[in-house]
Amino acid sequence: MTIEKTGIPKNLVLTSGSFLNLLNTLVNTFGSAGESMIYQMGHENGMVFCREVVSKINNEGESLENLFVRVINSANQIGWANMVVEEFNPQNGKIKVVLQDNSFKQFCLRLNMPQCFFLRGYISGIIKELTNVDYQFSRSECYAHGDEHCSIRLVAED
Ligand SMILES: [Zn+2]
């Protein structure tokens, strides 16, 4: 007897190879516009994720930094990377997150181009949701550029 599935499943499983293939297809087809799409997908995803996390926690009296760290820690459980907030200074428009145990590491290294674009967008989406300010990544480090880790530095747009 087969059971017909109704509705949308809660989780979809995609191998990292397939995910990488999707990212590569975008970049190979659209060049830097493809990178922007990956970033944008991450951004939207980060905003939705942040909204969900914040709606479930009691955040009364919580500082913006604590809230940001809590959302990042929740995102860490997804397993893309262990993201560590190294600098949090939204007043000066500067935020730095270092990616440890980064799932994209081998991809960034092997393909010689940043595959961590997705997470750059993801983190910018989280901070956008929390502050309603647009942040852009700048001087972010990546294995693809010979740096010792991938890190994400965000600065507020003027
Ligand atoms: Zn990278």
# chains A, B, ... in the order shown; residues from 1 in each chain; ligands from 1
>>> residues_around(residues="A:Gly17", least_positions_apart="4", cutoff="12 Å", atoms="only C-alpha atoms", output="compact mmCIF listing (two decimals) with C-alpha atoms, in the first residue's frame")
# COMPACT_ATOMS: atom_id res chain seq x y z
CA VAL A 13 17.20 16.85 2.22
CA ASN A 21 25.94 22.20 -8.00
CA LEU A 22 23.02 24.63 -7.74
CA LEU A 23 25.33 27.41 -6.61
CA ASN A 24 27.80 26.67 -9.39
CA SER A 103 30.79 23.44 5.69
CA PHE A 104 31.70 25.57 2.71
CA GLN A 106 36.32 22.65 1.02
CA PHE A 107 34.16 24.25 -1.64
>>> residues_near_ligand(ligand="ligand 1", cutoff="10 Å", atoms="only C-alpha atoms and all ligand atoms", output="short mmCIF file (atom, residue, chain, number, x, y, z; two decimals) with N, CA and C atoms, in the first residue's frame")
data_model
loop_
_atom_site.label_atom_id
_atom_site.label_comp_id
_atom_site.auth_asym_id
_atom_site.auth_seq_id
_atom_site.Cartn_x
_atom_site.Cartn_y
_atom_site.Cartn_z
N LEU A 99 33.44 32.29 10.65
CA LEU A 99 32.86 30.96 10.43
C LEU A 99 33.87 29.89 10.82
N ASN A 102 33.39 25.37 9.07
CA ASN A 102 32.60 25.91 7.97
C ASN A 102 32.36 24.83 6.90
N SER A 103 31.11 24.48 6.67
CA SER A 103 30.79 23.44 5.69
C SER A 103 31.22 23.82 4.29
N PHE A 104 31.36 25.11 4.04
CA PHE A 104 31.70 25.57 2.71
C PHE A 104 33.22 25.57 2.48
N LYS A 105 33.99 25.29 3.55
CA LYS A 105 35.45 25.41 3.45
C LYS A 105 36.03 24.71 2.23
N GLN A 106 35.73 23.42 2.12
CA GLN A 106 36.32 22.65 1.02
C GLN A 106 35.88 23.18 -0.34
N PHE A 107 34.66 23.69 -0.39
CA PHE A 107 34.16 24.25 -1.64
C PHE A 107 34.88 25.56 -1.97
N CYS A 108 35.03 26.41 -0.94
CA CYS A 108 35.75 27.69 -1.14
C CYS A 108 37.16 27.39 -1.62
N LEU A 109 37.81 26.38 -1.02
CA LEU A 109 39.19 26.03 -1.37
C LEU A 109 39.27 25.41 -2.76
N ASN A 112 38.19 27.72 -5.62
CA ASN A 112 38.90 28.99 -5.68
C ASN A 112 37.99 30.20 -5.81
N MET A 113 36.79 30.04 -5.36
CA MET A 113 35.89 31.20 -5.32
C MET A 113 34.99 31.06 -4.11
N PRO A 114 34.59 32.19 -3.56
CA PRO A 114 33.83 32.10 -2.30
C PRO A 114 32.49 31.40 -2.51
N GLN A 115 32.30 30.31 -1.79
CA GLN A 115 31.01 29.64 -1.78
C GLN A 115 30.24 30.05 -0.53
N CYS A 116 30.90 30.85 0.30
CA CYS A 116 30.27 31.28 1.54
C CYS A 116 29.37 32.50 1.30
N PHE A 117 29.18 32.86 0.04
CA PHE A 117 28.26 33.95 -0.33
C PHE A 117 26.90 33.79 0.32
N PHE A 118 26.45 32.55 0.33
CA PHE A 118 25.13 32.26 0.89
C PHE A 118 25.06 32.72 2.34
N LEU A 119 26.10 32.38 3.12
CA LEU A 119 26.10 32.75 4.53
C LEU A 119 26.30 34.25 4.72
N ARG A 120 27.03 34.88 3.81
CA ARG A 120 27.16 36.34 3.87
C ARG A 120 25.77 36.97 3.78
N SER A 140 35.40 40.85 3.45
CA SER A 140 35.19 39.56 4.08
C SER A 140 36.34 38.63 3.69
N GLU A 141 36.77 37.80 4.64
CA GLU A 141 37.86 36.86 4.34
C GLU A 141 37.27 35.55 3.83
N CYS A 142 38.07 34.84 3.05
CA CYS A 142 37.60 33.56 2.52
C CYS A 142 38.80 32.68 2.20
N TYR A 143 38.64 31.37 2.43
CA TYR A 143 39.67 30.40 2.05
C TYR A 143 40.05 30.57 0.58
N ALA A 144 39.05 30.93 -0.23
CA ALA A 144 39.29 31.05 -1.67
C ALA A 144 40.33 32.13 -1.98
N HIS A 145 40.47 33.08 -1.04
CA HIS A 145 41.44 34.16 -1.26
C HIS A 145 42.70 33.96 -0.43
N GLY A 146 42.87 32.74 0.09
CA GLY A 146 44.08 32.42 0.85
C GLY A 146 44.02 32.87 2.30
N ASP A 147 42.85 33.32 2.76
CA ASP A 147 42.72 33.73 4.16
C ASP A 147 42.64 32.49 5.05
N GLU A 148 42.87 32.69 6.36
CA GLU A 148 42.92 31.52 7.24
C GLU A 148 41.54 31.05 7.69
N HIS A 149 40.52 31.81 7.36
CA HIS A 149 39.15 31.34 7.57
C HIS A 149 38.23 32.18 6.69
N CYS A 150 36.98 31.76 6.62
CA CYS A 150 35.97 32.61 6.01
C CYS A 150 35.39 33.44 7.15
N SER A 151 35.31 34.72 6.94
CA SER A 151 34.65 35.55 7.94
C SER A 151 33.79 36.55 7.17
N ILE A 152 32.84 37.08 7.87
CA ILE A 152 31.90 37.96 7.23
C ILE A 152 31.89 39.28 7.95
#
>>> closest_residue(among="A:Asp158, A:Glu44, A:Glu129, A:Glu60", to="A:Asn92", atoms="only C-alpha atoms")
A:Asp158
>>> residues_around(residues="A:Lys56", least_positions_apart="5", cutoff="12 Å", atoms="only C-alpha atoms", output="PyMOL selection string")
chain A and resi 49-51+70-71+74
>>> residues_around(residues="A:Ile95", least_positions_apart="6", cutoff="6 Å", atoms="only C-alpha atoms", output="NGL selection string")
:A and (87-89 or 153-154)
>>> write_last_selection(atoms="C-alpha atoms", output="short mmCIF file (atom, residue, chain, number, x, y, z; two decimals), in the first residue's frame")
data_model
loop_
_atom_site.label_atom_id
_atom_site.label_comp_id
_atom_site.auth_asym_id
_atom_site.auth_seq_id
_atom_site.Cartn_x
_atom_site.Cartn_y
_atom_site.Cartn_z
CA GLU A 87 32.61 42.27 16.62
CA PHE A 88 29.22 43.83 17.08
CA ASN A 89 29.07 47.53 16.60
CA ARG A 153 32.29 41.65 7.83
CA LEU A 154 29.20 43.74 7.36
#
>>> closest_residue(among="A:Gly93, A:Gly42, A:Gly7, A:Gly31", to="A:Gly121", atoms="only C-alpha atoms")
A:Gly42
>>> atom_distance(atom1="atom CA of A:Val98", atom2="atom CA of A:Ala81")
9.3 Å
>>> residues_around(residues="A:Val84", least_positions_apart="6", cutoff="9 Å", atoms="only C-alpha atoms", output="list in words")
Val69, Ile72, Asn73, Lys96, Val97, Val98, Leu99 and Gln100 of chain A
>>> closest_residue(among="A:Phe30, A:Thr131, A:Ser16, A:Ile78", to="A:Gln91", atoms="only C-alpha atoms")
A:Thr131
>>> closest_residue(among="A:Ile123, A:Leu14, A:Phe137, A:Phe19", to="A:Asn76", atoms="only C-alpha atoms")
A:Ile123
>>> atom_distance(atom1="atom CA of A:Asn11", atom2="atom CA of A:Ala75")
15.4 Å
>>> closest_residue(among="A:Lys5, A:Lys128, A:Arg110, A:Lys10", to="A:Phe68", atoms="only C-alpha atoms")
A:Lys128
>>> atom_distance(atom1="atom CA of A:Ser124", atom2="atom CA of A:His43")
6.0 Å
>>> select_by_dssp(residues="chain A", states="strand (DSSP E or B)", output="number ranges by chain")
A: 82-89, 94-100, 135-137, 150-156
>>> write_last_selection(atoms="C-alpha atoms", output="mmCIF file, in the first residue's frame")
data_model
loop_
_atom_site.group_PDB
_atom_site.id
_atom_site.type_symbol
_atom_site.label_atom_id
_atom_site.label_comp_id
_atom_site.auth_asym_id
_atom_site.auth_seq_id
_atom_site.Cartn_x
_atom_site.Cartn_y
_atom_site.Cartn_z
ATOM 1 C CA ASN A 82 29.797 27.395 13.800
ATOM 2 C CA MET A 83 29.387 31.149 13.520
ATOM 3 C CA VAL A 84 31.077 33.283 16.153
ATOM 4 C CA VAL A 85 30.261 36.963 16.599
ATOM 5 C CA GLU A 86 33.642 38.664 16.921
ATOM 6 C CA GLU A 87 32.609 42.273 16.617
ATOM 7 C CA PHE A 88 29.220 43.825 17.079
ATOM 8 C CA ASN A 89 29.073 47.529 16.602
ATOM 9 C CA LYS A 94 30.388 47.290 11.718
ATOM 10 C CA ILE A 95 29.758 43.646 12.453
ATOM 11 C CA LYS A 96 32.148 40.720 12.106
ATOM 12 C CA VAL A 97 31.220 37.042 12.238
ATOM 13 C CA VAL A 98 33.869 34.316 11.906
ATOM 14 C CA LEU A 99 32.862 30.961 10.426
ATOM 15 C CA GLN A 100 34.404 28.031 12.287
ATOM 16 C CA TYR A 135 24.253 46.043 5.551
ATOM 17 C CA GLN A 136 26.694 45.124 2.811
ATOM 18 C CA PHE A 137 29.607 42.748 3.192
ATOM 19 C CA CYS A 150 35.974 32.615 6.006
ATOM 20 C CA SER A 151 34.650 35.554 7.940
ATOM 21 C CA ILE A 152 31.899 37.957 7.225
ATOM 22 C CA ARG A 153 32.291 41.647 7.829
ATOM 23 C CA LEU A 154 29.205 43.741 7.358
ATOM 24 C CA VAL A 155 28.988 47.500 7.174
ATOM 25 C CA ALA A 156 25.841 49.587 7.152
#
>>> closest_residue(among="A:Glu65, A:Tyr39, A:Gln77, A:Glu52", to="A:Gly125", atoms="only C-alpha atoms")
A:Tyr39
>>> select_by_dssp(residues="chain A", states="helix (DSSP H, G or I)", output="PyMOL selection string")
chain A and resi 16-30+32-56+64-76+90-92+105-111+117-131+143-145
